[in-house]
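S.K.: Provided below: coords-v1.txt, containing compact mmCIF, C-alpha atoms.
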```
# COMPACT_ATOMS: atom_id res chain seq x y z
CA MET Y 1 0.00 0.00 0.00
CA LEU Y 2 1.28 3.44 -0.90
CA SER Y 3 1.58 5.93 1.94
CA GLU Y 4 -0.40 9.14 1.59
CA LYS Y 5 2.83 11.06 1.06
CA LEU Y 6 4.13 8.76 -1.68
CA LEU Y 7 0.71 8.56 -3.33
CA GLY Y 8 0.49 12.36 -3.33
CA LYS Y 9 3.92 12.71 -4.94
CA LEU Y 10 3.14 10.07 -7.57
CA ASN Y 11 -0.10 11.88 -8.40
CA GLU Y 12 1.81 15.17 -8.65
CA GLN Y 13 4.14 13.50 -11.14
CA ILE Y 14 1.18 12.68 -13.37
CA THR Y 15 0.49 16.42 -13.54
CA HIS Y 16 4.17 17.17 -14.25
CA GLU Y 17 4.21 14.64 -17.10
CA PHE Y 18 1.04 16.04 -18.67
CA TYR Y 19 2.45 19.55 -18.28
CA SER Y 20 5.60 18.40 -20.07
CA ALA Y 21 3.47 17.18 -22.96
CA HIS Y 22 1.78 20.57 -23.23
CA TYR Y 23 5.11 22.38 -22.96
CA TYR Y 24 6.47 20.34 -25.85
CA LEU Y 25 3.29 20.93 -27.87
CA ALA Y 26 3.86 24.68 -27.45
CA MET Y 27 7.40 24.18 -28.77
CA ALA Y 28 6.05 22.17 -31.72
CA ALA Y 29 3.62 25.01 -32.48
CA TYR Y 30 6.52 27.48 -32.64
CA PHE Y 31 8.43 25.30 -35.09
CA THR Y 32 5.31 24.75 -37.21
CA LYS Y 33 4.91 28.53 -37.43
CA GLU Y 34 8.57 28.77 -38.50
CA ASP Y 35 8.08 26.12 -41.24
CA LEU Y 36 10.49 23.73 -39.54
CA ASP Y 37 8.29 20.67 -39.67
CA GLY Y 38 11.04 18.25 -38.63
CA PHE Y 39 11.64 20.20 -35.42
CA ALA Y 40 7.87 20.33 -34.90
CA ASN Y 41 7.73 16.55 -35.39
CA PHE Y 42 10.47 16.06 -32.80
CA PHE Y 43 8.46 17.92 -30.18
CA LEU Y 44 5.15 16.31 -31.18
CA VAL Y 45 6.79 12.93 -30.60
CA GLN Y 46 8.26 14.24 -27.35
CA ALA Y 47 4.74 15.25 -26.25
CA GLU Y 48 3.48 11.73 -27.03
CA GLU Y 49 6.26 10.28 -24.89
CA GLU Y 50 5.33 12.54 -21.98
CA ARG Y 51 1.66 11.52 -22.18
CA PHE Y 52 2.84 7.89 -22.19
CA HIS Y 53 4.90 8.60 -19.07
CA ALA Y 54 1.89 10.19 -17.37
CA MET Y 55 -0.19 7.12 -18.14
CA LYS Y 56 2.52 4.83 -16.72
CA PHE Y 57 2.15 6.70 -13.41
CA PHE Y 58 -1.65 6.60 -13.71
CA ASN Y 59 -1.63 2.83 -14.29
CA PHE Y 60 0.92 2.17 -11.54
CA ILE Y 61 -1.18 3.99 -8.97
CA ASN Y 62 -4.31 2.14 -10.06
CA ASP Y 63 -2.43 -1.19 -10.03
CA GLN Y 64 -1.52 -0.42 -6.42
CA GLY Y 65 -5.24 -0.29 -5.67
CA GLN Y 66 -5.26 3.44 -5.15
CA GLU Y 67 -6.74 6.41 -6.97
CA ALA Y 68 -4.88 8.40 -9.59
CA ILE Y 69 -5.87 12.03 -9.23
CA ILE Y 70 -5.75 14.27 -12.27
CA THR Y 71 -5.29 17.99 -11.68
CA GLY Y 72 -4.70 21.02 -13.86
CA PHE Y 73 -1.53 22.97 -14.48
CA LYS Y 74 -0.38 26.39 -15.58
CA ASP Y 75 -0.20 27.36 -19.24
CA PRO Y 76 3.15 26.51 -20.81
CA LYS Y 77 5.49 29.18 -22.16
CA ARG Y 78 4.78 29.85 -25.83
CA ASP Y 79 6.66 33.02 -26.77
CA PHE Y 80 9.87 31.48 -28.05
CA LYS Y 81 12.50 33.35 -30.04
CA SER Y 82 14.75 30.66 -31.49
CA ALA Y 83 15.55 26.97 -31.79
CA GLU Y 84 18.49 27.46 -29.44
CA GLU Y 85 16.23 28.98 -26.78
CA ILE Y 86 13.79 26.09 -27.12
CA PHE Y 87 16.42 23.39 -26.76
CA THR Y 88 17.98 25.23 -23.84
CA LEU Y 89 14.58 25.37 -22.14
CA ALA Y 90 13.83 21.74 -23.03
CA LEU Y 91 17.13 20.63 -21.49
CA GLU Y 92 16.41 22.66 -18.33
CA HIS Y 93 12.95 21.12 -18.20
CA GLU Y 94 14.30 17.58 -18.51
CA LYS Y 95 16.74 18.32 -15.69
CA LEU Y 96 13.80 19.46 -13.55
CA VAL Y 97 11.90 16.27 -14.35
CA SER Y 98 14.99 14.24 -13.46
CA SER Y 99 15.16 15.94 -10.07
CA LEU Y 100 11.47 15.21 -9.46
CA ILE Y 101 11.95 11.54 -10.35
CA ASN Y 102 15.04 11.37 -8.15
CA ASP Y 103 13.06 12.86 -5.25
CA LEU Y 104 10.34 10.26 -5.81
CA MET Y 105 12.94 7.49 -5.77
CA ALA Y 106 14.44 8.84 -2.53
CA LEU Y 107 11.00 8.85 -0.92
CA ALA Y 108 10.21 5.33 -2.15
CA GLN Y 109 13.55 4.12 -0.77
CA GLU Y 110 12.98 5.92 2.54
CA GLU Y 111 9.60 4.21 2.84
CA LYS Y 112 11.00 0.89 1.54
CA HIS Y 113 8.18 0.66 -0.99
CA TYR Y 114 9.84 -1.82 -3.32
CA PRO Y 115 7.18 -1.80 -6.06
CA SER Y 116 7.69 1.97 -6.41
CA ILE Y 117 11.46 1.58 -6.40
CA SER Y 118 11.24 -0.97 -9.21
CA PHE Y 119 8.77 1.19 -11.15
CA LEU Y 120 10.79 4.38 -10.77
CA GLN Y 121 14.05 2.80 -11.96
CA TRP Y 122 12.67 2.83 -15.52
CA PHE Y 123 12.14 6.60 -15.23
CA ILE Y 124 15.61 7.18 -13.81
CA ASP Y 125 17.10 5.43 -16.85
CA GLU Y 126 14.72 7.26 -19.19
CA GLN Y 127 15.75 10.65 -17.82
CA VAL Y 128 19.43 9.96 -18.48
CA GLU Y 129 18.45 9.40 -22.12
CA GLU Y 130 16.14 12.44 -22.23
CA GLU Y 131 18.81 14.81 -20.92
CA ALA Y 132 21.45 13.38 -23.24
CA ASN Y 133 19.19 13.78 -26.29
CA MET Y 134 18.28 17.37 -25.47
CA ASN Y 135 21.90 18.25 -24.76
CA LYS Y 136 23.03 16.71 -28.05
CA LEU Y 137 20.37 18.55 -30.04
CA LEU Y 138 21.16 21.84 -28.31
CA SER Y 139 24.81 21.38 -29.29
CA LYS Y 140 23.84 20.65 -32.89
CA VAL Y 141 21.62 23.74 -33.10
CA GLN Y 142 24.40 25.88 -31.64
CA ARG Y 143 26.88 24.40 -34.11
CA VAL Y 144 24.77 24.92 -37.26
CA GLY Y 145 23.11 28.20 -36.26
CA GLU Y 146 19.59 29.30 -37.05
CA LYS Y 147 19.95 29.97 -40.78
CA GLY Y 148 21.22 28.09 -43.79
CA HIS Y 149 21.63 24.52 -44.89
CA GLY Y 150 22.68 23.14 -41.51
CA ILE Y 151 19.38 23.93 -39.82
CA LEU Y 152 17.50 22.45 -42.79
CA MET Y 153 19.57 19.26 -42.61
CA LEU Y 154 18.85 18.99 -38.91
CA ASP Y 155 15.17 19.64 -39.63
CA ARG Y 156 15.16 16.74 -42.09
CA GLU Y 157 16.88 14.49 -39.53
CA LEU Y 158 14.29 15.32 -36.87
CA SER Y 159 11.41 14.65 -39.26
CA GLU Y 160 12.26 10.94 -39.08
CA ARG Y 161 11.65 10.59 -35.35
CA SER Y 162 8.74 8.45 -34.28
CA PHE Y 163 7.42 7.03 -31.02
CA THR Y 164 6.84 3.37 -30.31
CA PRO Y 165 5.80 2.75 -26.72
CA ASP Y 166 7.60 0.03 -24.78
CA ALA Y 167 5.65 -3.18 -24.37
CA GLU Y 168 4.30 -3.30 -20.84
```
Would you encode the structure as structure tokens?

M.R.:
Amino acid sequence: MLSEKLLGKLNEQITHEFYSAHYYLAMAAYFTKEDLDGFANFFLVQAEEERFHAMKFFNFINDQGQEAIITGFKDPKRDFKSAEEIFTLALEHEKLVSSLINDLMALAQEEKHYPSISFLQWFIDEQVEEEANMNKLLSKVQRVGEKGHGILMLDRELSERSFTPDAE
């Protein structure tokens, strides 16, 4: 059985994951407006991943025989100025999510709730990948700049991204 404190934090994470999806949708909207459809695709796929993450938390809570609680969140930022700004913000956001997951893991370990520890390990590993991907893309954007062939080549590369959820 999940403690009230751990249950509350897991439910908060559902909200954070859904917020992440909306944040990435706002980034996709910016790139669509800028006619960079590959970049838009990257963030649309990222939004799908975040919704998938939210549902993993939702299902875990329900599988523990407790109630997943869905709450609202603030509007995401939407007044972006450049690809570099977006990837900088996306990297910062992934670092925030990593810290939230790490805090959840610490609480689960403190409470010796082994099902949560096992469940959260997947997210710990996922966040290492998420931060690495955002950092790599930020570096690429900084390297090629915002104009010219480099950004168009990167746009084409990002258009090939797709999302296939892990088998549960």

S.K.: If you count only C-alpha atoms, which residues fall within 12 Å of Leu96 in chain Y, apart from same-chain ones fewer than 3 positions away, as a PyMOL selection string?

M.R.: chain Y and resi 13+16-17+20+89-93+99-103+127+130-131

S.K.: Find, counting all atoms listed in the file, the residue in Y:Val45, Y:Val97, Y:Leu120, Y:Leu138 that gets nearest to Ser82 in chain Y.

M.R.: Y:Leu138

S.K.: What are the centre and edge lengths in Å, to one decimal, of the axis-aligned box around all listed atoms of range 90-102 of chain Y with 3 Å added on each side, as JSON?

M.R.:
```
{"center_x": 14.3, "center_y": 17.0, "center_z": -15.6, "size_x": 11.7, "size_y": 17.3, "size_z": 20.9}
```

S.K.: Env of range 2-12 of chain Y: 9 Å cut, atoms = all atoms listed in the file, seq-sep filter 4 positions within chain, self excluded. Answer as number ranges by chain.

M.R.: Y: 16-17, 57-58, 61, 64-71, 104, 107-108, 111, 113, 116

S.K.: Find the distance between CA of Glu94 in chain Y and CA of Met134 in chain Y and write it in Å to one decimal.

M.R.: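 Computed distance, CA of Glu94 in chain Y to CA of Met134 in chain Y, equals 8.0 Å.
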
S.K.: I want to know what sits within 10 Å of range 72-77 of chain Y, based on all atoms listed in the file, with residues of the same chain fewer than 4 positions away left out; could you give that as a ChimeraX atom specification?

M.R.: /Y:15-16,18-27,89

S.K.: Find the residues with any atom within 12 Å of (19.5, 22.4, -39.3); use all atoms listed in the file and the coordinates as given in the file, and write the answer as number ranges by chain.

M.R.: Y: 36-39, 83-84, 137-159

S.K.: Point out the residue among Y:Lys95, Y:Lys136, Y:Lys112, Y:Arg78 with the least atom-to-atom distance to Ala28 in chain Y, counting all atoms listed in the file.

M.R.: Y:Arg78

S.K.: Do you know which residues are at most 12 Å from Ser162 in chain Y counting all atoms listed in the file, after dropping those on the same chain fewer than 5 positions away, and could you put them as a PyMOL selection string?

M.R.: chain Y and resi 38+40-49+157

S.K.: Could you state the separation of CA of Arg161 in chain Y and CA of His53 in chain Y in Å, given to one decimal place?

M.R.: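 We find that CA of Arg161 in chain Y and CA of His53 in chain Y lie 17.7 Å from each other.
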
S.K.: Using all atoms listed in the file, find the one residue out of Y:Phe163, Y:Phe87, Y:Phe60, Y:Tyr114 that sits nearest to Asn133 in chain Y.

M.R.: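 Checking each of Y:Phe163, Y:Phe87, Y:Phe60, Y:Tyr114 against Asn133 in chain Y, counting all atoms listed in the file, the winner is Y:Phe87.
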
S.K.: Under the rule that only C-alpha atoms are counted, which of Y:Met105, Y:Arg51, Y:Tyr30, Y:Lys56 is the nearest residue to Glu85 in chain Y?

M.R.: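 Answer, going by the shortest atom-to-atom distance: Y:Tyr30.
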
S.K.: Please measure the separation of CA of Ala54 in chain Y and CA of Glu110 in chain Y, giving the value in Å to one decimal.

M.R.: 23.2 Å

S.K.: With all atoms listed in the file as the atoms that count, which of Y:Ile14, Y:Ala106, Y:Glu160, Y:Ser98 lies nearest to Asp125 in chain Y?

M.R.: Y:Ser98

S.K.: Calculated over only C-alpha atoms, which of the candidates Y:Phe80, Y:Lys33, Y:Thr164, Y:Phe119 has the smallest distance to Asp63 in chain Y?

M.R.: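 Checking each candidate against Asp63 in chain Y, we get Y:Phe119 as the closest.
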
S.K.: For range 95-163 of chain Y, write C-alpha atoms out as a PDB file, in the first residue's frame.

M.R.:
```
ATOM      1  CA  LYS Y  95      16.744  18.320 -15.688  1.00  0.00           C
ATOM      2  CA  LEU Y  96      13.799  19.459 -13.549  1.00  0.00           C
ATOM      3  CA  VAL Y  97      11.895  16.272 -14.349  1.00  0.00           C
ATOM      4  CA  SER Y  98      14.995  14.243 -13.463  1.00  0.00           C
ATOM      5  CA  SER Y  99      15.156  15.944 -10.073  1.00  0.00           C
ATOM      6  CA  LEU Y 100      11.466  15.211  -9.464  1.00  0.00           C
ATOM      7  CA  ILE Y 101      11.946  11.538 -10.348  1.00  0.00           C
ATOM      8  CA  ASN Y 102      15.045  11.366  -8.151  1.00  0.00           C
ATOM      9  CA  ASP Y 103      13.062  12.859  -5.254  1.00  0.00           C
ATOM     10  CA  LEU Y 104      10.336  10.262  -5.806  1.00  0.00           C
ATOM     11  CA  MET Y 105      12.937   7.492  -5.767  1.00  0.00           C
ATOM     12  CA  ALA Y 106      14.437   8.839  -2.532  1.00  0.00           C
ATOM     13  CA  LEU Y 107      10.997   8.854  -0.917  1.00  0.00           C
ATOM     14  CA  ALA Y 108      10.212   5.332  -2.146  1.00  0.00           C
ATOM     15  CA  GLN Y 109      13.546   4.123  -0.765  1.00  0.00           C
ATOM     16  CA  GLU Y 110      12.981   5.920   2.543  1.00  0.00           C
ATOM     17  CA  GLU Y 111       9.600   4.209   2.838  1.00  0.00           C
ATOM     18  CA  LYS Y 112      10.997   0.892   1.543  1.00  0.00           C
ATOM     19  CA  HIS Y 113       8.179   0.659  -0.986  1.00  0.00           C
ATOM     20  CA  TYR Y 114       9.839  -1.816  -3.322  1.00  0.00           C
ATOM     21  CA  PRO Y 115       7.178  -1.800  -6.065  1.00  0.00           C
ATOM     22  CA  SER Y 116       7.691   1.967  -6.412  1.00  0.00           C
ATOM     23  CA  ILE Y 117      11.464   1.579  -6.402  1.00  0.00           C
ATOM     24  CA  SER Y 118      11.244  -0.968  -9.213  1.00  0.00           C
ATOM     25  CA  PHE Y 119       8.768   1.186 -11.153  1.00  0.00           C
ATOM     26  CA  LEU Y 120      10.792   4.383 -10.771  1.00  0.00           C
ATOM     27  CA  GLN Y 121      14.046   2.798 -11.955  1.00  0.00           C
ATOM     28  CA  TRP Y 122      12.666   2.833 -15.525  1.00  0.00           C
ATOM     29  CA  PHE Y 123      12.137   6.599 -15.235  1.00  0.00           C
ATOM     30  CA  ILE Y 124      15.613   7.181 -13.806  1.00  0.00           C
ATOM     31  CA  ASP Y 125      17.097   5.426 -16.845  1.00  0.00           C
ATOM     32  CA  GLU Y 126      14.723   7.263 -19.187  1.00  0.00           C
ATOM     33  CA  GLN Y 127      15.748  10.651 -17.817  1.00  0.00           C
ATOM     34  CA  VAL Y 128      19.432   9.962 -18.479  1.00  0.00           C
ATOM     35  CA  GLU Y 129      18.450   9.399 -22.119  1.00  0.00           C
ATOM     36  CA  GLU Y 130      16.142  12.436 -22.234  1.00  0.00           C
ATOM     37  CA  GLU Y 131      18.806  14.811 -20.915  1.00  0.00           C
ATOM     38  CA  ALA Y 132      21.454  13.378 -23.244  1.00  0.00           C
ATOM     39  CA  ASN Y 133      19.186  13.781 -26.287  1.00  0.00           C
ATOM     40  CA  MET Y 134      18.282  17.372 -25.474  1.00  0.00           C
ATOM     41  CA  ASN Y 135      21.895  18.251 -24.761  1.00  0.00           C
ATOM     42  CA  LYS Y 136      23.034  16.708 -28.051  1.00  0.00           C
ATOM     43  CA  LEU Y 137      20.371  18.550 -30.038  1.00  0.00           C
ATOM     44  CA  LEU Y 138      21.164  21.837 -28.307  1.00  0.00           C
ATOM     45  CA  SER Y 139      24.813  21.381 -29.287  1.00  0.00           C
ATOM     46  CA  LYS Y 140      23.842  20.651 -32.893  1.00  0.00           C
ATOM     47  CA  VAL Y 141      21.620  23.742 -33.096  1.00  0.00           C
ATOM     48  CA  GLN Y 142      24.397  25.878 -31.635  1.00  0.00           C
ATOM     49  CA  ARG Y 143      26.877  24.402 -34.109  1.00  0.00           C
ATOM     50  CA  VAL Y 144      24.773  24.921 -37.256  1.00  0.00           C
ATOM     51  CA  GLY Y 145      23.112  28.203 -36.264  1.00  0.00           C
ATOM     52  CA  GLU Y 146      19.586  29.298 -37.051  1.00  0.00           C
ATOM     53  CA  LYS Y 147      19.954  29.971 -40.784  1.00  0.00           C
ATOM     54  CA  GLY Y 148      21.220  28.087 -43.789  1.00  0.00           C
ATOM     55  CA  HIS Y 149      21.633  24.524 -44.893  1.00  0.00           C
ATOM     56  CA  GLY Y 150      22.677  23.135 -41.508  1.00  0.00           C
ATOM     57  CA  ILE Y 151      19.380  23.927 -39.822  1.00  0.00           C
ATOM     58  CA  LEU Y 152      17.499  22.445 -42.791  1.00  0.00           C
ATOM     59  CA  MET Y 153      19.568  19.256 -42.615  1.00  0.00           C
ATOM     60  CA  LEU Y 154      18.846  18.986 -38.906  1.00  0.00           C
ATOM     61  CA  ASP Y 155      15.166  19.641 -39.626  1.00  0.00           C
ATOM     62  CA  ARG Y 156      15.162  16.738 -42.092  1.00  0.00           C
ATOM     63  CA  GLU Y 157      16.883  14.485 -39.532  1.00  0.00           C
ATOM     64  CA  LEU Y 158      14.289  15.321 -36.870  1.00  0.00           C
ATOM     65  CA  SER Y 159      11.408  14.645 -39.260  1.00  0.00           C
ATOM     66  CA  GLU Y 160      12.262  10.941 -39.082  1.00  0.00           C
ATOM     67  CA  ARG Y 161      11.650  10.595 -35.353  1.00  0.00           C
ATOM     68  CA  SER Y 162       8.735   8.449 -34.277  1.00  0.00           C
ATOM     69  CA  PHE Y 163       7.423   7.027 -31.024  1.00  0.00           C
TER      70      PHE Y 163
END
```
